[in-house]
Structure formats: C-alpha cells, structure tokens
Amino acid sequence: STPTSKSNSANRVEENMDSSQNSSLSISTINEKSSSFDLWKLSCPDEIASKLILMTQAPRICHEIREDGILCLLVQFLHQHSIEEEDSDIGLKSISDNYQQKIQLRRNSSKALRNIVNNTTKNKKEIQILSLLEDLRSFVEILFLKYSDLPADCCDHPCAQLTELFQISCDQDSKKIIELFGGVYVILDVIQTDYRFHKRDSSNQHCIQLRQVCLNILTYMTFNNPNIKSCLSSTR
C-alpha cells in the first residue's frame with residue numbers, strides 16, 4: 001500500500017468510529033506494525049473486534065497489539081453503551097434495546113481482551129482482576145437480557161466479587177490494573193444497572209451492599225487520580 005492509501009484507511013476508521021476518538025491510540029503508532037494497521041482497514045468496531053478474536057490467538061501478535069495500546073480500544077468497545085445512554089430522555093426500553101444491539105461487540109471485545117492478557121502477562125494479579133471484572137460485566141448483561149422484569153430477590157448479585165475487588169483496590173499497582181482494564185466503567189455499569197432495574201426494591205440487602213461496595217471502590221480509585229475524577233464528573 002502507498003502512504004496515501006494508508007492515510008485514507010485510517011481516516012475512514014476515525015470517521016466511522018465515534019467511540020474511538022478519545023483513545024490514546026494514535027494512527028501513526030498503528031501504522032508502524034502491519035498486524036495492527038490491518039485492523040484499521042476495517043470499517044466498524046464489530047469487524048475490528050471480530051478480527052481481533054482471530055489475531056489474538058497468536059502470542060506474538062498479542063504482544064505487538066498490546067504495545068500499540070489496543071487494550072484501550074477494547075475497553076471502549078466494551079463500554080460504548082455507558083456513554084450513549086446518558087441522555088435523560090431515553091427510556092428504559094430504548095436503553096435495553098441499545099444494549100442488546102451491541103452485545104456481540106462486547107462479547108468479542110471481552111474474548112480478545114482475555115486472549116491478549118493471557119498471552120502477554122505473567123502477573124497473576126492481572127488475571128485475577130480481569131476475571132472479577134468479567135464476572136461483573138456478566139451481571140450487567142444478565143440483568144439486561146434475563147432479569148429486567150424480575151424483582152431484585154430473583155437476581156444473584158455479585159457482592160462477593162465486588163468485595164474482593166474492593167480489597168484489591170487498596171493496592172496502588174492493582175488500582176492501575178483496574179483502571180487499565182476499564183474497572184471504573186465496570187463499577188459504574190454495575191451500580192447504574194442495578195439501580196435502573198431494582199430501584200423499587202430499596203430495602204433489598206443485596207442491592208444495598210452492592211451499591212455501598214461500588215461507592216467504596218470508586219472512592220479508592222479516585223483518590224489522587226484526577227483522570228478518574230474527570231471521568232466520573234462527566235458521567236451522570
């Protein structure tokens with residue numbers, strides 16, 4: 001490909017993917033490695049996530065794309081709905097429809113993220129934290145897909161996973177990993193989704209515990225971290 005064709009491909013991706021505009025991933029960095037640049041020839045997040053499922057089967061490519069910063073892009077794909085649904089005029093049904101439309105994108109992004117971490121890290125804490133965050137994302141997905149019309153008593157709240165994550169978040173290195181894997185967005189999704197579907201069950205002890213632990217984690221994560229504070233202040 002000529003430099004001009006590479007530039008046009010990168011520009012098309014920037015135009016078609018509003019969610020990736022705030023990523024720290026630069027087009028010039030991606031162009032340095034052919035495996036990563038191939039992603040940006042694709043026209044939409046769904047195609048990129050699907051391609052990443054295949055690419056991340058190879059450990060060597062996992063190391064390349066992790067260095068390129070694609071973890072940040074996958075986190076954005078996983079939590080794209082969190083930003084889009086913040087319009088107060090959107091009803092619950094519209095929010096649920098929006099979530100379900102992007103479910104395959106989130107599942108593919110989650111698999112690719114798991115592949116990259118498994119193939120690039122020797123840090124057991126990364127594996128532990130990623131597993132906890134996956135459980136919390138599953139809770140949000142299950143609420144949207146299966147338990148949206150059922151009372152809180154019928155739902156298995158992830159209080160144990162949240163408590164474990166809270167204990168881990170006291171450690172500075174763990175806080176960095178939680179932030180890297182989109183943990184702040186996960187916690188926001190958990191507390192917002194639980195309240196959205198269970199706000200009438202205000203006396204349910206599992207709901208109360210879930211929200212308390214979520215707020216405690218966010219308190220730890222925001223301490224001396226202006227980036228996370230800015231993220232939270234931009235979210236209703």
# chains A, B, ... in the order shown; residues from 1 in each chain; ligands from 1
call {"tool": "select_by_dssp", "arguments": {"residues": "range 42-147 of chain A", "states": "helix (DSSP H, G or I)", "output": "JSON, numbers by chain"}}
result
{"A": [45, 46, 47, 48, 49, 50, 51, 52, 53, 54, 55, 59, 60, 61, 62, 63, 64, 65, 66, 67, 70, 71, 72, 73, 74, 75, 76, 77, 78, 80, 81, 82, 83, 84, 92, 93, 94, 95, 96, 97, 98, 99, 100, 101, 103, 104, 105, 106, 107, 108, 109, 110, 111, 112, 113, 114, 115, 116, 117, 118, 119, 120, 124, 125, 126, 127, 128, 129, 130, 131, 132, 133, 134, 135, 136, 137, 138, 139, 140, 141, 142, 143, 144, 145]}
call {"tool": "residues_around", "arguments": {"residues": "Thr219 in chain A", "least_positions_apart": "5", "cutoff": "12 Å", "atoms": "only C-alpha atoms", "output": "JSON, numbers by chain"}}
result
{"A": [166, 169, 170, 175, 184, 187, 212, 213, 214, 224, 225, 228, 229, 232]}
call {"tool": "residues_around", "arguments": {"residues": "range 49-66 of chain A", "least_positions_apart": "5", "cutoff": "6 Å", "atoms": "only C-alpha atoms", "output": "count of residues only"}}
result
7
call {"tool": "closest_atom_pairs", "arguments": {"of": "range 103-206 of chain A", "to": "range 68-82 of chain A", "cutoff": "12 Å", "atoms": "only C-alpha atoms", "output": "tab-separated table"}}
result
residue	atom	partner	partner_atom	distance
A:Ile103	CA	A:Leu78	CA	8.9
A:Gln104	CA	A:Leu78	CA	9.9
A:Leu105	CA	A:Phe77	CA	6.9
A:Arg106	CA	A:Leu78	CA	4.7
A:Arg107	CA	A:Leu78	CA	7.9
A:Asn108	CA	A:Leu78	CA	9.0
A:Ser109	CA	A:Leu74	CA	5.5
A:Ser110	CA	A:Leu78	CA	7.0
A:Lys111	CA	A:Leu74	CA	9.8
A:Ala112	CA	A:Leu74	CA	7.9
A:Leu113	CA	A:Leu74	CA	6.7
A:Arg114	CA	A:Leu71	CA	10.1
A:Asn115	CA	A:Leu71	CA	11.0
A:Ile116	CA	A:Leu71	CA	8.3
A:Val117	CA	A:Leu71	CA	9.2
A:Thr120	CA	A:Leu71	CA	11.8
A:Leu130	CA	A:Val75	CA	11.7
A:Leu133	CA	A:Leu78	CA	11.3
A:Glu134	CA	A:Leu78	CA	10.6
A:Arg137	CA	A:Leu78	CA	9.0
A:Ser138	CA	A:Leu78	CA	11.6
A:Val140	CA	A:His79	CA	11.2
A:Glu141	CA	A:Leu78	CA	11.3
A:Ile177	CA	A:Leu71	CA	11.5
A:Ile178	CA	A:Val75	CA	11.4
A:Glu179	CA	A:Val75	CA	10.1
A:Leu180	CA	A:Cys72	CA	7.3
A:Phe181	CA	A:Val75	CA	6.6
A:Gly182	CA	A:Val75	CA	5.7
A:Gly183	CA	A:Val75	CA	9.2
A:Val184	CA	A:His79	CA	10.3
A:Tyr185	CA	A:His79	CA	6.8
A:Val186	CA	A:His79	CA	7.8
A:Ile187	CA	A:His79	CA	11.0
A:Leu188	CA	A:Ser82	CA	8.3
A:Asp189	CA	A:Ser82	CA	6.9
A:Val190	CA	A:Ser82	CA	10.7
A:Ile191	CA	A:Ser82	CA	11.8
A:Gln192	CA	A:Ser82	CA	9.4
A:Thr193	CA	A:Ser82	CA	10.0
call {"tool": "decode", "arguments": {"residues": "range 210-221 of chain A", "atoms": "all heavy atoms", "output": "mmCIF file, in the first residue's frame"}}
result
data_model
loop_
_atom_site.group_PDB
_atom_site.id
_atom_site.type_symbol
_atom_site.label_atom_id
_atom_site.label_comp_id
_atom_site.auth_asym_id
_atom_site.auth_seq_id
_atom_site.Cartn_x
_atom_site.Cartn_y
_atom_site.Cartn_z
ATOM 1 N N LEU A 210 -24.339 -4.033 47.410
ATOM 2 C CA LEU A 210 -23.703 -3.824 46.106
ATOM 3 C C LEU A 210 -23.374 -2.346 45.898
ATOM 4 O O LEU A 210 -22.248 -2.002 45.508
ATOM 5 C CB LEU A 210 -24.623 -4.334 45.004
ATOM 6 C CG LEU A 210 -24.175 -4.165 43.555
ATOM 7 C CD1 LEU A 210 -24.615 -5.358 42.710
ATOM 8 C CD2 LEU A 210 -24.750 -2.872 42.946
ATOM 9 N N ARG A 211 -24.318 -1.481 46.172
ATOM 10 C CA ARG A 211 -24.103 -0.051 45.929
ATOM 11 C C ARG A 211 -23.079 0.527 46.893
ATOM 12 O O ARG A 211 -22.266 1.383 46.517
ATOM 13 C CB ARG A 211 -25.443 0.686 46.027
ATOM 14 C CG ARG A 211 -26.422 0.245 44.945
ATOM 15 C CD ARG A 211 -27.844 0.715 45.179
ATOM 16 N NE ARG A 211 -28.786 -0.041 44.358
ATOM 17 C CZ ARG A 211 -30.098 0.108 44.417
ATOM 18 N NH1 ARG A 211 -30.636 0.993 45.256
ATOM 19 N NH2 ARG A 211 -30.882 -0.621 43.637
ATOM 20 N N GLN A 212 -23.084 0.058 48.134
ATOM 21 C CA GLN A 212 -22.106 0.540 49.101
ATOM 22 C C GLN A 212 -20.678 0.171 48.698
ATOM 23 O O GLN A 212 -19.769 1.007 48.740
ATOM 24 C CB GLN A 212 -22.424 -0.020 50.488
ATOM 25 C CG GLN A 212 -23.645 0.599 51.142
ATOM 26 C CD GLN A 212 -23.986 -0.045 52.482
ATOM 27 O OE1 GLN A 212 -23.614 -1.188 52.748
ATOM 28 N NE2 GLN A 212 -24.703 0.691 53.316
ATOM 29 N N VAL A 213 -20.491 -1.087 48.297
ATOM 30 C CA VAL A 213 -19.153 -1.529 47.915
ATOM 31 C C VAL A 213 -18.691 -0.826 46.639
ATOM 32 O O VAL A 213 -17.521 -0.448 46.509
ATOM 33 C CB VAL A 213 -19.100 -3.068 47.741
ATOM 34 C CG1 VAL A 213 -17.700 -3.507 47.351
ATOM 35 C CG2 VAL A 213 -19.511 -3.773 49.020
ATOM 36 N N CYS A 214 -19.610 -0.649 45.692
ATOM 37 C CA CYS A 214 -19.264 0.079 44.472
ATOM 38 C C CYS A 214 -18.764 1.487 44.793
ATOM 39 O O CYS A 214 -17.748 1.948 44.242
ATOM 40 C CB CYS A 214 -20.477 0.175 43.548
ATOM 41 S SG CYS A 214 -20.847 -1.338 42.626
ATOM 42 N N LEU A 215 -19.462 2.167 45.671
ATOM 43 C CA LEU A 215 -19.054 3.527 46.039
ATOM 44 C C LEU A 215 -17.717 3.526 46.769
ATOM 45 O O LEU A 215 -16.891 4.427 46.575
ATOM 46 C CB LEU A 215 -20.136 4.173 46.908
ATOM 47 C CG LEU A 215 -21.451 4.487 46.189
ATOM 48 C CD1 LEU A 215 -22.498 4.990 47.173
ATOM 49 C CD2 LEU A 215 -21.223 5.509 45.079
ATOM 50 N N ASN A 216 -17.475 2.512 47.587
ATOM 51 C CA ASN A 216 -16.183 2.416 48.277
ATOM 52 C C ASN A 216 -15.034 2.218 47.285
ATOM 53 O O ASN A 216 -13.958 2.802 47.425
ATOM 54 C CB ASN A 216 -16.207 1.256 49.275
ATOM 55 C CG ASN A 216 -17.054 1.549 50.495
ATOM 56 O OD1 ASN A 216 -17.295 2.710 50.826
ATOM 57 N ND2 ASN A 216 -17.519 0.507 51.167
ATOM 58 N N ILE A 217 -15.265 1.372 46.274
ATOM 59 C CA ILE A 217 -14.239 1.147 45.254
ATOM 60 C C ILE A 217 -13.961 2.437 44.494
ATOM 61 O O ILE A 217 -12.802 2.805 44.258
ATOM 62 C CB ILE A 217 -14.677 0.037 44.278
ATOM 63 C CG1 ILE A 217 -14.773 -1.310 45.008
ATOM 64 C CG2 ILE A 217 -13.684 -0.072 43.121
ATOM 65 C CD1 ILE A 217 -15.373 -2.421 44.155
ATOM 66 N N LEU A 218 -15.018 3.141 44.106
ATOM 67 C CA LEU A 218 -14.833 4.390 43.373
ATOM 68 C C LEU A 218 -14.094 5.421 44.222
ATOM 69 O O LEU A 218 -13.301 6.209 43.701
ATOM 70 C CB LEU A 218 -16.188 4.939 42.932
ATOM 71 C CG LEU A 218 -16.911 4.123 41.851
ATOM 72 C CD1 LEU A 218 -18.281 4.720 41.565
ATOM 73 C CD2 LEU A 218 -16.086 4.049 40.572
ATOM 74 N N THR A 219 -14.342 5.414 45.528
ATOM 75 C CA THR A 219 -13.630 6.327 46.425
ATOM 76 C C THR A 219 -12.134 6.042 46.417
ATOM 77 O O THR A 219 -11.303 6.962 46.329
ATOM 78 C CB THR A 219 -14.173 6.205 47.859
ATOM 79 O OG1 THR A 219 -15.559 6.547 47.871
ATOM 80 C CG2 THR A 219 -13.417 7.140 48.807
ATOM 81 N N TYR A 220 -11.778 4.779 46.506
ATOM 82 C CA TYR A 220 -10.365 4.399 46.447
ATOM 83 C C TYR A 220 -9.751 4.750 45.090
ATOM 84 O O TYR A 220 -8.624 5.243 44.996
ATOM 85 C CB TYR A 220 -10.195 2.894 46.702
ATOM 86 C CG TYR A 220 -10.011 2.524 48.151
ATOM 87 C CD1 TYR A 220 -10.840 1.584 48.750
ATOM 88 C CD2 TYR A 220 -9.018 3.111 48.924
ATOM 89 C CE1 TYR A 220 -10.687 1.237 50.080
ATOM 90 C CE2 TYR A 220 -8.852 2.774 50.258
ATOM 91 C CZ TYR A 220 -9.689 1.828 50.829
ATOM 92 O OH TYR A 220 -9.530 1.488 52.146
ATOM 93 N N MET A 221 -10.487 4.470 44.031
ATOM 94 C CA MET A 221 -9.948 4.662 42.689
ATOM 95 C C MET A 221 -9.742 6.136 42.348
ATOM 96 O O MET A 221 -8.858 6.486 41.559
ATOM 97 C CB MET A 221 -10.883 4.019 41.659
ATOM 98 C CG MET A 221 -10.950 2.497 41.712
ATOM 99 S SD MET A 221 -9.367 1.695 41.372
ATOM 100 C CE MET A 221 -9.086 2.216 39.675
#
